[in-house]
Amino acid sequence: MRVFSGHKSQSTTILFFTLFKLSFIKAFQYRGYILVTLFSALLDVFVRISLWTALFRANPVVQNTTFHDMINYMALTGLLMLVQMSGVDDRLANRILQGSIATDLIRPYSLKLFIFAQTIGDNLAHFLLFVFPVYTGVLVLFGMRFPPTLLHGLVFVATVINGAVISFLYYYIIGMLPFWLESNWYVRFVNYAMFTLFAGAFVPIWFYPDFLIQISYYLPFRYITYEAVTFYLGRTGLPAMPAVLLRQWVWIGILLGLEVALWKAGQKKLTVYGG
Amino acid sequence: MHYFRLYLQFIKIRLTSIVSYRGSFFAGVIAQFLSYGAGFFATWLLVKAFHELNGWTPYEVLLLYGMNLFSYALAAFFFFNLAVDIENLVISGRLDGILVKPVNPFLYLICNGFNVAYFSHISLAVFTMIICFRGLGISLTPIMLVMLALSILGAALIHAAALVMTSVPAIWMLRVRFSDILYWGMREFINYPLSIYNRAVQVILTFILPYGFISFYPAQLFLGKEDYLFHPSLPYATLPVGLGLFFVAYRFWRYGIDRYQGTGT
């Protein structure tokens with residue numbers, strides 16, 4: 001293919017944008033699917049707004065949190081789904097389980113970049129179609145917060161980007177598990193449990209009892225979007241942020257090391273049945 | 001009797017398949033236990049942080065989860081595969097083969113689709129309900145236990161009816177999944193007391209898509225609540241509602257099969 005000729009980094013960029021465009025176009029194909037998914041996203045948000053309304057009815061401020069805080073927390077966490085790289089794990093796992101990884105390994109591109117481009121394409125399409133309209137609607141309706149200074153905004157963006165890297169590496173590692181497991185359909189349930197409890201996906205971690213908060217510091221999940229959102233809402237001050245960013249980098253280092261080691265071990269372990 | 005023996009045979013085959021994939025099966029049971037358990041625990045922590053949700057204490061809200069999961073798992077044991085596999089059966093043409101077998105196709109599909117993965121849901125649900133009743137200091141009298149069993153049976157029939165009805169558009173090869181959303185999307189509503197929603201939602205979940213009878217209304221019997229919303233007799237109505245809905249769902253499914261055209265494969 002012509003696309004792959006020429007300078008290596010240039011062809012990688014072209015490959016990236018081609019894949020990105022393809023998964024984007026694919027998501028727009030099914031109009032019925034779009035309507036149904038949009039409707040269910042609206043239902044989901046409606047349930048959660050009703051829940052928060054009812055919870056704050058008796059006390060307008062609980063643990064230093066208002067209804068308005070929670071709406072912003074929910075919407076921001078929802079919008080940051082864009083940097084949640086779920087889907088990476090399934091893409092890699094399916095290649096290993098079905099054996100197509102064998103051809104991936106001899107193709108002249110980085111498999112990681114390939115999966116990254118596909119995931120970003122899908123996520124962005126999903127984001128523009130469902131996430132963005134629903135949650136910006138919520139924010140317009142209930143009032144949105146903005147960072148007080150430009151520096152706050154920049155630190156927020158840095159935290160989000162680090163979170164995206166952590167998320168990608170985490171899911172990539174999870175996707176490698178089929179090197180050792182015969183089936184992996186249950187792994188997603190464990191992931192769901194982890195994100196529910198330790199990433200603040202549904203209930204913010206600050207409402208938790210102390211021992212759970214302590215545990216969350218030793219797991220990567222809170223560093224994906226939770227830290228960025230709590231900073232955005234002003235619950236974490238600017239002076240505390242260098243430590244947060246440092247912890248994120250430490251996690252990126254740990255996960256990168258783990259990823260490289262597992263990838264090496266996995267390739268040795270890999271058996272693809274002929275066909 | 002004939003069907004019962006057939007059913008036992010099918011269950012035996014399914015159980016044999018578990019034994020062949022033991023590791024994967026038990027990993028799955030634990031993983032699903034964790035995933036639902038984490039959701040339950042997070043909700044319990046949340047309501048605990050706020051002390052109450054519209055007058056419902058953490059254990060009372062958790063009881064709604066437990067009843068919902070228990071009845072869903074009972075229904076899904078038998079009807080989940082029926083609802084989910086039908087599309088493939090239609091596309092591959094295997095439904096034609098089932099329709100010419102000398103058994104009722106509905107019963108055949110239920111027998112064949114026994115889904116063993118729901119053991120983990122049922123054990124978690126029972127565990128949760130026991131924790132709730134203990135936490136609330138409620139000891140159930142024999143009459144109350146019977147009422148609980150009947151309510152859960154009725155609730156399971158409501159879930160079953162929904163699963164059966166959502167499979168009908170697939171028989172007609174309609175790819176639009178509004179029916180799925182009506183079911184899967186709406187299920188989230190009943191994890192919380194119906195009384196937290198506005199009037200329109202309450203009317204819908206009581207009279208149009210009567211999911212309120214799965215946990216919210218019957219739970220009032222055991223919790224001594226007076227959140228009746230519409231009428232004090234509603235907490236007793238779960239079983240009749242379930243029976244009625246299931247009958248309608250079964251008729252609708254037969255109607256769907258009568259209008260099945262096949263794909264020509």
# chains A, B, ... in the order shown; residues from 1 in each chain; ligands from 1
>>> closest_atom_pairs(of="chain B", to="chain A", cutoff="8 Å", atoms="only C-alpha atoms", output="CSV")
residue,atom,partner,partner_atom,distance
B:Ser24,CA,A:Ser183,CA,6.7
B:Ala27,CA,A:Tyr186,CA,6.9
B:Gly28,CA,A:Tyr186,CA,4.9
B:Ala31,CA,A:Val190,CA,5.3
B:Gln32,CA,A:Phe189,CA,5.7
B:Leu34,CA,A:Ala193,CA,6.0
B:Ser35,CA,A:Ala193,CA,4.4
B:Tyr36,CA,A:Ala193,CA,7.4
B:Gly37,CA,A:Ala193,CA,7.7
B:Ala38,CA,A:Ala193,CA,5.1
B:Gly39,CA,A:Thr196,CA,6.5
B:Ala42,CA,A:Leu197,CA,6.5
B:Thr43,CA,A:Val203,CA,7.6
B:Leu45,CA,A:Tyr208,CA,6.5
B:Leu46,CA,A:Phe207,CA,6.6
B:Val47,CA,A:Leu55,CA,7.7
B:Ala49,CA,A:Phe207,CA,6.1
B:Phe50,CA,A:Leu55,CA,6.6
B:Glu52,CA,A:Leu55,CA,7.2
B:Leu53,CA,A:Leu55,CA,5.3
B:Asn54,CA,A:Ala54,CA,5.9
B:Val176,CA,A:Gly32,CA,6.0
B:Arg177,CA,A:Val36,CA,6.9
B:Phe178,CA,A:Val36,CA,6.1
B:Ile181,CA,A:Ser40,CA,6.3
B:Gly185,CA,A:Ser40,CA,5.7
B:Met186,CA,A:Leu43,CA,7.6
B:Glu188,CA,A:Val47,CA,7.5
B:Phe189,CA,A:Val47,CA,6.2
B:Tyr192,CA,A:Leu51,CA,7.7
B:Ile196,CA,A:Ala54,CA,5.8
B:Tyr197,CA,A:Ser50,CA,6.0
>>> write_last_selection(atoms="N, CA and C atoms", output="tab-separated table (two decimals), in the first residue's frame")
chain	number	residue	atom	x	y	z
B	24	SER	N	-12.45	-21.45	34.28
B	24	SER	CA	-13.13	-20.31	33.70
B	24	SER	C	-14.48	-20.07	34.36
B	27	ALA	N	-13.86	-18.64	37.94
B	27	ALA	CA	-13.36	-17.27	37.83
B	27	ALA	C	-14.51	-16.34	37.47
B	28	GLY	N	-15.39	-16.80	36.57
B	28	GLY	CA	-16.54	-16.00	36.18
B	28	GLY	C	-17.49	-15.75	37.33
B	31	ALA	N	-15.90	-13.22	39.60
B	31	ALA	CA	-15.84	-11.90	38.98
B	31	ALA	C	-17.20	-11.23	38.98
B	32	GLN	N	-18.27	-12.00	38.67
B	32	GLN	CA	-19.59	-11.39	38.65
B	32	GLN	C	-20.06	-11.03	40.05
B	34	LEU	N	-18.07	-10.07	42.41
B	34	LEU	CA	-17.35	-8.83	42.72
B	34	LEU	C	-18.00	-7.62	42.05
B	35	SER	N	-18.37	-7.78	40.79
B	35	SER	CA	-18.86	-6.63	40.05
B	35	SER	C	-20.19	-6.13	40.61
B	36	TYR	N	-21.15	-7.04	40.84
B	36	TYR	CA	-22.41	-6.60	41.46
B	36	TYR	C	-22.16	-6.15	42.90
B	37	GLY	N	-21.30	-6.90	43.60
B	37	GLY	CA	-21.02	-6.57	45.00
B	37	GLY	C	-20.45	-5.17	45.14
B	38	ALA	N	-19.56	-4.77	44.23
B	38	ALA	CA	-18.96	-3.44	44.29
B	38	ALA	C	-20.04	-2.37	44.11
B	39	GLY	N	-20.95	-2.60	43.16
B	39	GLY	CA	-22.05	-1.65	42.94
B	39	GLY	C	-22.93	-1.52	44.17
B	42	ALA	N	-20.94	0.33	46.95
B	42	ALA	CA	-20.80	1.76	46.69
B	42	ALA	C	-22.10	2.49	47.00
B	43	THR	N	-23.24	1.91	46.60
B	43	THR	CA	-24.52	2.55	46.88
B	43	THR	C	-24.77	2.62	48.39
B	45	LEU	N	-22.53	2.69	50.75
B	45	LEU	CA	-21.64	3.71	51.31
B	45	LEU	C	-22.19	5.11	51.06
B	46	LEU	N	-22.72	5.30	49.85
B	46	LEU	CA	-23.24	6.62	49.49
B	46	LEU	C	-24.42	7.00	50.38
B	47	VAL	N	-25.39	6.10	50.49
B	47	VAL	CA	-26.57	6.42	51.29
B	47	VAL	C	-26.16	6.59	52.76
B	49	ALA	N	-23.31	7.79	53.81
B	49	ALA	CA	-22.70	9.11	53.96
B	49	ALA	C	-23.76	10.20	54.10
B	50	PHE	N	-24.92	10.00	53.48
B	50	PHE	CA	-26.02	10.97	53.55
B	50	PHE	C	-27.04	10.60	54.62
B	52	GLU	N	-29.63	8.98	54.78
B	52	GLU	CA	-30.87	8.41	54.24
B	52	GLU	C	-31.11	8.92	52.82
B	53	LEU	N	-31.94	8.17	52.09
B	53	LEU	CA	-32.33	8.57	50.75
B	53	LEU	C	-33.85	8.66	50.76
B	54	ASN	N	-34.34	9.89	50.85
B	54	ASN	CA	-35.79	10.11	50.87
B	54	ASN	C	-36.49	9.27	51.95
B	176	VAL	N	-33.80	-2.76	15.29
B	176	VAL	CA	-33.94	-1.63	16.21
B	176	VAL	C	-34.09	-2.18	17.62
B	177	ARG	N	-33.30	-1.67	18.52
B	177	ARG	CA	-33.26	-2.26	19.85
B	177	ARG	C	-33.93	-1.38	20.90
B	178	PHE	N	-34.99	-0.70	20.51
B	178	PHE	CA	-35.70	0.12	21.49
B	178	PHE	C	-36.18	-0.75	22.64
B	181	ILE	N	-33.56	-1.30	25.22
B	181	ILE	CA	-33.33	-0.14	26.07
B	181	ILE	C	-34.44	-0.01	27.08
B	185	GLY	N	-32.24	-0.32	30.10
B	185	GLY	CA	-32.10	1.06	30.57
B	185	GLY	C	-32.99	1.34	31.77
B	186	MET	N	-34.21	0.81	31.72
B	186	MET	CA	-35.17	1.14	32.78
B	186	MET	C	-34.86	0.41	34.08
B	188	GLU	N	-32.33	0.32	35.73
B	188	GLU	CA	-31.55	1.12	36.67
B	188	GLU	C	-32.45	1.95	37.59
B	189	PHE	N	-33.62	2.31	37.08
B	189	PHE	CA	-34.54	3.14	37.87
B	189	PHE	C	-34.93	2.47	39.18
B	192	TYR	N	-33.42	2.35	43.13
B	192	TYR	CA	-33.69	3.37	44.15
B	192	TYR	C	-35.18	3.43	44.40
B	196	ILE	N	-38.29	8.80	44.76
B	196	ILE	CA	-37.36	9.90	44.48
B	196	ILE	C	-37.61	10.52	43.11
B	197	TYR	N	-38.43	9.88	42.28
B	197	TYR	CA	-38.64	10.39	40.93
B	197	TYR	C	-39.87	11.30	40.87
>>> residues_around(residues="Thr225 in chain A", least_positions_apart="4", cutoff="9 Å", atoms="only C-alpha atoms", output="VMD selection string")
chain A and resid 76 to 77 80 to 81 83 to 84 159 to 160 163 to 164 199 to 201 221 229 to 230
>>> select_by_dssp(residues="range 34-90 of chain A", states="helix (DSSP H, G or I)", output="count of residues only")
45
>>> atom_distance(atom1="CA of Leu212 in chain A", atom2="CA of Trp56 in chain B")
24.0 Å
>>> residues_around(residues="His159 in chain B", least_positions_apart="4", cutoff="7 Å", atoms="only C-alpha atoms", output="list in words")
Tyr72, Ala75, Ala155 and Leu163 of chain B
>>> write_last_selection(atoms="N, CA, C and O atoms", output="PDB file, in the first residue's frame")
ATOM      1  N   TYR B  72     -34.254 -11.016  39.164  1.00  0.00           N
ATOM      2  CA  TYR B  72     -33.679 -10.982  37.818  1.00  0.00           C
ATOM      3  C   TYR B  72     -32.918 -12.273  37.533  1.00  0.00           C
ATOM      4  O   TYR B  72     -33.047 -12.865  36.456  1.00  0.00           O
ATOM      5  N   ALA B  75     -35.164 -15.171  36.820  1.00  0.00           N
ATOM      6  CA  ALA B  75     -35.718 -15.092  35.467  1.00  0.00           C
ATOM      7  C   ALA B  75     -34.647 -15.382  34.429  1.00  0.00           C
ATOM      8  O   ALA B  75     -34.889 -16.102  33.454  1.00  0.00           O
ATOM      9  N   ALA B 155     -41.927 -11.035  40.960  1.00  0.00           N
ATOM     10  CA  ALA B 155     -40.926 -10.132  40.385  1.00  0.00           C
ATOM     11  C   ALA B 155     -40.134 -10.847  39.291  1.00  0.00           C
ATOM     12  O   ALA B 155     -39.829 -10.265  38.239  1.00  0.00           O
ATOM     13  N   LEU B 163     -37.894 -10.032  29.373  1.00  0.00           N
ATOM     14  CA  LEU B 163     -36.902 -10.714  28.532  1.00  0.00           C
ATOM     15  C   LEU B 163     -37.568 -11.363  27.323  1.00  0.00           C
ATOM     16  O   LEU B 163     -37.056 -11.294  26.202  1.00  0.00           O
TER      17      LEU B 163
END
>>> atom_distance(atom1="CA of Asn123 in chain A", atom2="CA of Phe20 in chain A")
9.9 Å
>>> closest_residue(among="A:Tyr223, A:Trp249, A:Trp263, A:Tyr171", to="Asp90 in chain A", atoms="only C-alpha atoms")
A:Tyr171
>>> atom_distance(atom1="CA of Pro240 in chain B", atom2="CA of Gly256 in chain B")
24.1 Å
>>> closest_residue(among="B:Leu136, B:Val103, B:Phe78, B:Ser92", to="Gly224 in chain B", atoms="only C-alpha atoms")
B:Leu136
>>> closest_residue(among="B:Leu153, B:Val100, B:Met165, B:Leu140", to="Phe80 in chain B", atoms="only C-alpha atoms")
B:Met165
>>> residues_around(residues="range 58-63 of chain B", least_positions_apart="4", cutoff="10 Å", atoms="only C-alpha atoms", output="number ranges by chain")
B: 40-41, 43-53, 67-69, 125, 128-136, 191-193, 215-216, 219-220, 222-223
>>> residues_around(residues="Gln202 in chain B", least_positions_apart="6", cutoff="9 Å", atoms="only C-alpha atoms", output="list in words")
Leu194, Ser195, Ile196, Gly212 and Leu229 of chain B
>>> residues_around(residues="Asn94 in chain A", least_positions_apart="3", cutoff="10 Å", atoms="only C-alpha atoms", output="ChimeraX atom specification")
/A:89-91,97-101,175-176,178,183-184
>>> closest_residue(among="A:Phe24, A:Tyr73, A:Phe168, A:Trp180", to="Val138 in chain A", atoms="only C-alpha atoms")
A:Tyr73
